[in-house]
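Data from work-v3.txt: compact mmCIF, N, CA, C and O atoms
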```
# COMPACT_ATOMS: atom_id res chain seq x y z
N MET I 1 4.01 -33.23 133.89
CA MET I 1 3.31 -32.00 134.27
C MET I 1 4.08 -30.81 133.71
O MET I 1 5.28 -30.76 133.72
N ASN I 2 3.33 -29.84 133.22
CA ASN I 2 3.93 -28.66 132.64
C ASN I 2 4.44 -27.74 133.74
O ASN I 2 3.72 -27.46 134.70
N THR I 3 5.67 -27.27 133.60
CA THR I 3 6.25 -26.40 134.63
C THR I 3 6.27 -24.94 134.20
O THR I 3 6.86 -24.13 134.88
N GLN I 4 5.63 -24.64 133.07
CA GLN I 4 5.55 -23.25 132.66
C GLN I 4 4.68 -22.48 133.63
O GLN I 4 3.69 -23.02 134.14
N PRO I 5 5.01 -21.22 133.89
CA PRO I 5 4.15 -20.41 134.74
C PRO I 5 2.75 -20.27 134.13
O PRO I 5 2.59 -20.22 132.90
N LEU I 6 1.75 -20.25 134.98
CA LEU I 6 0.37 -20.16 134.52
C LEU I 6 0.13 -18.97 133.59
O LEU I 6 -0.51 -19.14 132.55
N PRO I 7 0.65 -17.77 133.89
CA PRO I 7 0.42 -16.65 132.96
C PRO I 7 0.94 -16.93 131.55
O PRO I 7 0.32 -16.51 130.57
N GLU I 8 2.05 -17.65 131.43
CA GLU I 8 2.57 -18.00 130.10
C GLU I 8 1.64 -18.96 129.38
O GLU I 8 1.38 -18.82 128.17
N LEU I 9 1.12 -19.95 130.09
CA LEU I 9 0.19 -20.90 129.49
C LEU I 9 -1.09 -20.20 129.03
O LEU I 9 -1.63 -20.50 127.96
N ILE I 10 -1.57 -19.26 129.84
CA ILE I 10 -2.77 -18.51 129.48
C ILE I 10 -2.52 -17.70 128.21
O ILE I 10 -3.35 -17.66 127.30
N ALA I 11 -1.36 -17.05 128.14
CA ALA I 11 -1.02 -16.25 126.96
C ALA I 11 -0.96 -17.13 125.71
O ALA I 11 -1.45 -16.73 124.64
N GLN I 12 -0.41 -18.33 125.85
CA GLN I 12 -0.37 -19.26 124.71
C GLN I 12 -1.78 -19.65 124.28
O GLN I 12 -2.08 -19.71 123.09
N ALA I 13 -2.63 -19.91 125.25
CA ALA I 13 -4.01 -20.27 124.93
C ALA I 13 -4.73 -19.13 124.23
O ALA I 13 -5.49 -19.35 123.27
N GLN I 14 -4.49 -17.90 124.68
CA GLN I 14 -5.11 -16.75 124.03
C GLN I 14 -4.64 -16.62 122.59
O GLN I 14 -5.43 -16.30 121.70
N GLN I 15 -3.36 -16.87 122.35
CA GLN I 15 -2.83 -16.81 120.98
C GLN I 15 -3.48 -17.88 120.11
O GLN I 15 -3.82 -17.63 118.95
N LEU I 16 -3.68 -19.07 120.66
CA LEU I 16 -4.32 -20.14 119.90
C LEU I 16 -5.77 -19.78 119.55
O LEU I 16 -6.23 -20.03 118.43
N VAL I 17 -6.50 -19.21 120.49
CA VAL I 17 -7.88 -18.80 120.23
C VAL I 17 -7.90 -17.77 119.10
O VAL I 17 -8.74 -17.84 118.19
N THR I 18 -6.98 -16.85 119.11
CA THR I 18 -6.89 -15.83 118.05
C THR I 18 -6.61 -16.49 116.71
O THR I 18 -7.23 -16.16 115.69
N GLN I 19 -5.67 -17.44 116.70
CA GLN I 19 -5.35 -18.13 115.45
C GLN I 19 -6.54 -18.93 114.93
O GLN I 19 -6.80 -18.96 113.72
N ILE I 20 -7.27 -19.58 115.83
CA ILE I 20 -8.46 -20.33 115.43
C ILE I 20 -9.50 -19.39 114.83
O ILE I 20 -10.08 -19.66 113.78
N ARG I 21 -9.74 -18.27 115.50
CA ARG I 21 -10.75 -17.32 115.04
C ARG I 21 -10.40 -16.80 113.64
O ARG I 21 -11.29 -16.55 112.82
N GLN I 22 -9.12 -16.64 113.33
CA GLN I 22 -8.70 -16.09 112.05
C GLN I 22 -8.52 -17.16 110.97
O GLN I 22 -8.33 -16.83 109.80
N HIS I 23 -8.58 -18.42 111.34
CA HIS I 23 -8.35 -19.50 110.38
C HIS I 23 -9.50 -19.57 109.37
O HIS I 23 -10.68 -19.55 109.74
N PRO I 24 -9.18 -19.64 108.07
CA PRO I 24 -10.23 -19.67 107.05
C PRO I 24 -11.21 -20.84 107.22
O PRO I 24 -12.41 -20.68 106.98
N GLN I 25 -10.71 -21.98 107.62
CA GLN I 25 -11.60 -23.14 107.79
C GLN I 25 -12.61 -22.87 108.92
O GLN I 25 -13.79 -23.19 108.80
N TYR I 26 -12.16 -22.26 110.01
CA TYR I 26 -13.08 -21.91 111.10
C TYR I 26 -14.11 -20.89 110.62
O TYR I 26 -15.29 -20.99 110.93
N GLN I 27 -13.65 -19.90 109.87
CA GLN I 27 -14.55 -18.85 109.42
C GLN I 27 -15.63 -19.38 108.48
O GLN I 27 -16.71 -18.80 108.39
N ARG I 28 -15.39 -20.49 107.81
CA ARG I 28 -16.38 -21.08 106.92
C ARG I 28 -17.40 -21.95 107.66
O ARG I 28 -18.43 -22.31 107.11
N LEU I 29 -17.09 -22.31 108.89
CA LEU I 29 -18.01 -23.18 109.64
C LEU I 29 -19.30 -22.43 109.94
O LEU I 29 -19.31 -21.25 110.26
N GLN I 30 -20.37 -23.14 109.86
CA GLN I 30 -21.69 -22.57 110.15
C GLN I 30 -22.29 -23.36 111.31
O GLN I 30 -22.94 -24.37 111.11
N PHE I 31 -22.04 -22.92 112.51
CA PHE I 31 -22.64 -23.60 113.64
C PHE I 31 -23.01 -22.58 114.70
O PHE I 31 -22.48 -21.49 114.76
N ASP I 32 -23.96 -22.97 115.51
CA ASP I 32 -24.47 -22.10 116.56
C ASP I 32 -24.28 -22.82 117.90
O ASP I 32 -24.68 -23.98 118.05
N CYS I 33 -23.66 -22.15 118.83
CA CYS I 33 -23.47 -22.76 120.14
C CYS I 33 -23.62 -21.70 121.22
O CYS I 33 -23.63 -20.50 120.95
N ASP I 34 -23.71 -22.15 122.45
CA ASP I 34 -23.93 -21.23 123.57
C ASP I 34 -22.66 -20.46 123.95
O ASP I 34 -22.74 -19.39 124.54
N VAL I 35 -21.50 -21.02 123.65
CA VAL I 35 -20.23 -20.39 124.01
C VAL I 35 -19.51 -20.00 122.72
O VAL I 35 -19.32 -20.82 121.83
N THR I 36 -19.11 -18.74 122.63
CA THR I 36 -18.40 -18.27 121.45
C THR I 36 -16.91 -18.13 121.75
O THR I 36 -16.49 -18.20 122.92
N LEU I 37 -16.12 -17.92 120.71
CA LEU I 37 -14.69 -17.68 120.93
C LEU I 37 -14.48 -16.38 121.69
O LEU I 37 -13.51 -16.23 122.43
N GLY I 38 -15.40 -15.44 121.54
CA GLY I 38 -15.33 -14.21 122.33
C GLY I 38 -15.49 -14.50 123.82
O GLY I 38 -14.81 -13.92 124.66
N ASP I 39 -16.39 -15.43 124.15
CA ASP I 39 -16.56 -15.86 125.55
C ASP I 39 -15.29 -16.51 126.07
O ASP I 39 -14.88 -16.29 127.22
N VAL I 40 -14.69 -17.34 125.23
CA VAL I 40 -13.45 -18.03 125.62
C VAL I 40 -12.34 -17.00 125.84
O VAL I 40 -11.59 -17.09 126.82
N SER I 41 -12.24 -16.02 124.96
CA SER I 41 -11.22 -14.97 125.12
C SER I 41 -11.44 -14.20 126.41
O SER I 41 -10.48 -13.90 127.13
N GLN I 42 -12.69 -13.87 126.71
CA GLN I 42 -13.00 -13.15 127.95
C GLN I 42 -12.62 -13.99 129.17
O GLN I 42 -12.09 -13.48 130.15
N PHE I 43 -12.88 -15.30 129.09
CA PHE I 43 -12.49 -16.19 130.17
C PHE I 43 -10.99 -16.12 130.41
O PHE I 43 -10.53 -15.99 131.55
N PHE I 44 -10.20 -16.22 129.32
CA PHE I 44 -8.75 -16.18 129.47
C PHE I 44 -8.27 -14.82 129.96
O PHE I 44 -7.31 -14.74 130.74
N ASN I 45 -8.93 -13.74 129.55
CA ASN I 45 -8.57 -12.41 130.07
C ASN I 45 -8.78 -12.35 131.59
O ASN I 45 -7.92 -11.86 132.33
N THR I 46 -9.93 -12.86 132.03
CA THR I 46 -10.23 -12.87 133.46
C THR I 46 -9.24 -13.77 134.21
O THR I 46 -8.74 -13.40 135.27
N LEU I 47 -8.97 -14.92 133.64
CA LEU I 47 -8.02 -15.84 134.26
C LEU I 47 -6.63 -15.21 134.35
O LEU I 47 -5.93 -15.35 135.35
N GLN I 48 -6.23 -14.50 133.30
CA GLN I 48 -4.92 -13.82 133.29
C GLN I 48 -4.83 -12.81 134.44
O GLN I 48 -3.84 -12.77 135.16
N TRP I 49 -5.88 -12.00 134.60
CA TRP I 49 -5.89 -11.01 135.68
C TRP I 49 -5.86 -11.69 137.05
O TRP I 49 -5.13 -11.27 137.95
N THR I 50 -6.63 -12.75 137.20
CA THR I 50 -6.67 -13.46 138.47
C THR I 50 -5.33 -14.09 138.80
O THR I 50 -4.85 -14.01 139.92
N ALA I 51 -4.72 -14.70 137.80
CA ALA I 51 -3.41 -15.33 138.00
C ALA I 51 -2.34 -14.29 138.33
O ALA I 51 -1.50 -14.52 139.19
N ALA I 52 -2.40 -13.14 137.68
CA ALA I 52 -1.42 -12.09 137.93
C ALA I 52 -1.60 -11.51 139.34
O ALA I 52 -0.62 -11.21 140.02
N ASP I 53 -2.85 -11.38 139.77
CA ASP I 53 -3.12 -10.84 141.11
C ASP I 53 -2.68 -11.78 142.21
O ASP I 53 -2.34 -11.36 143.31
N SER I 54 -2.68 -13.09 141.92
CA SER I 54 -2.35 -14.05 142.96
C SER I 54 -0.88 -14.45 142.94
O SER I 54 -0.46 -15.28 143.74
N THR I 55 -0.10 -13.86 142.05
CA THR I 55 1.32 -14.18 141.96
C THR I 55 2.06 -13.53 143.13
O THR I 55 1.92 -12.35 143.39
N VAL I 56 2.81 -14.34 143.84
CA VAL I 56 3.59 -13.87 144.97
C VAL I 56 5.06 -14.05 144.64
O VAL I 56 5.48 -15.12 144.21
N ASP I 57 5.84 -13.01 144.83
CA ASP I 57 7.27 -13.08 144.55
C ASP I 57 7.98 -13.69 145.75
O ASP I 57 8.13 -13.05 146.79
N VAL I 58 8.39 -14.94 145.61
CA VAL I 58 9.10 -15.63 146.69
C VAL I 58 10.59 -15.71 146.39
O VAL I 58 11.33 -16.40 147.07
N SER I 59 11.04 -14.98 145.37
CA SER I 59 12.44 -15.06 144.98
C SER I 59 13.34 -14.21 145.88
O SER I 59 14.54 -14.40 145.90
N ARG I 60 12.75 -13.29 146.62
CA ARG I 60 13.56 -12.43 147.48
C ARG I 60 14.13 -13.25 148.63
O ARG I 60 13.44 -14.04 149.27
N GLU I 61 15.38 -13.01 148.91
CA GLU I 61 16.05 -13.73 149.99
C GLU I 61 15.39 -13.41 151.31
O GLU I 61 15.05 -12.26 151.60
N GLY I 62 15.17 -14.43 152.10
CA GLY I 62 14.59 -14.25 153.42
C GLY I 62 13.08 -14.11 153.43
O GLY I 62 12.50 -13.79 154.46
N PHE I 63 12.43 -14.37 152.32
CA PHE I 63 10.98 -14.18 152.23
C PHE I 63 10.25 -15.04 153.27
O PHE I 63 9.30 -14.59 153.90
N PHE I 64 10.70 -16.30 153.44
CA PHE I 64 10.02 -17.19 154.36
C PHE I 64 10.73 -17.28 155.72
O PHE I 64 10.39 -18.12 156.52
N GLN I 65 11.64 -16.44 155.97
CA GLN I 65 12.37 -16.51 157.25
C GLN I 65 11.77 -15.60 158.29
O GLN I 65 11.16 -14.65 158.07
```
Please, can you express the file's structure as structure tokens?
Amino acid sequence: MNTQPLPELIAQAQQLVTQIRQHPQYQRLQFDCDVTLGDVSQFFNTLQWTAADSTVDVSREGFFQ
């Protein structure tokens, strides 16, 4: 199981989507689908905001005491 924080994983996924979108082989593809890379990027943006909003700092001493 990956122990990276969710926001880091989301950022990596966003970078991959950007790299795919800019890849010459992808740009040459001619296909039509219901979900675009723009939709995927928007999903990751929303997920990033949701993950950031739900992050709780438990590192402070006495947080659970």
Legend entry - One-decimal distance in Å that lies between atom CA of Leu6 of chain I and atom CA of Ser54 of chain I: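 Taking atom CA of Ser54 of chain I as the start and atom CA of Leu6 of chain I as the end point, the length is 10.8 Å.
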Legend entry - All residues 7 Å or closer to segment 44-46 of chain I, only N, CA, C and O atoms, same chain fewer than 5 positions away omitted, as a list in words: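 So the residues in contact are Ile10, Ala11, Gln14, Gly38, Asp39, Ala51 and Ala52 of chain I.
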Inset, instruction - Tell me which protein, DNA and RNA residues are within 12 Å of Tyr26 of chain I, counting only C-alpha atoms, leaving out same-chain ones fewer than 6 positions away, and put them as a ChimeraX atom specification. - result: /I:17-20,37
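Of note, atom CA of Gln25 of chain I and atom CA of Gln42 of chain I are spaced 22.5 Å apart.
Separating atom CA of Trp49 of chain I from atom CA of Gln15 of chain I is a distance of 16.1 Å.
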Legend entry - DSSP alpha helix (DSSP H) residues within chain I, listed as a VMD selection string: chain I and resid 6 to 22 24 to 28 37 to 53
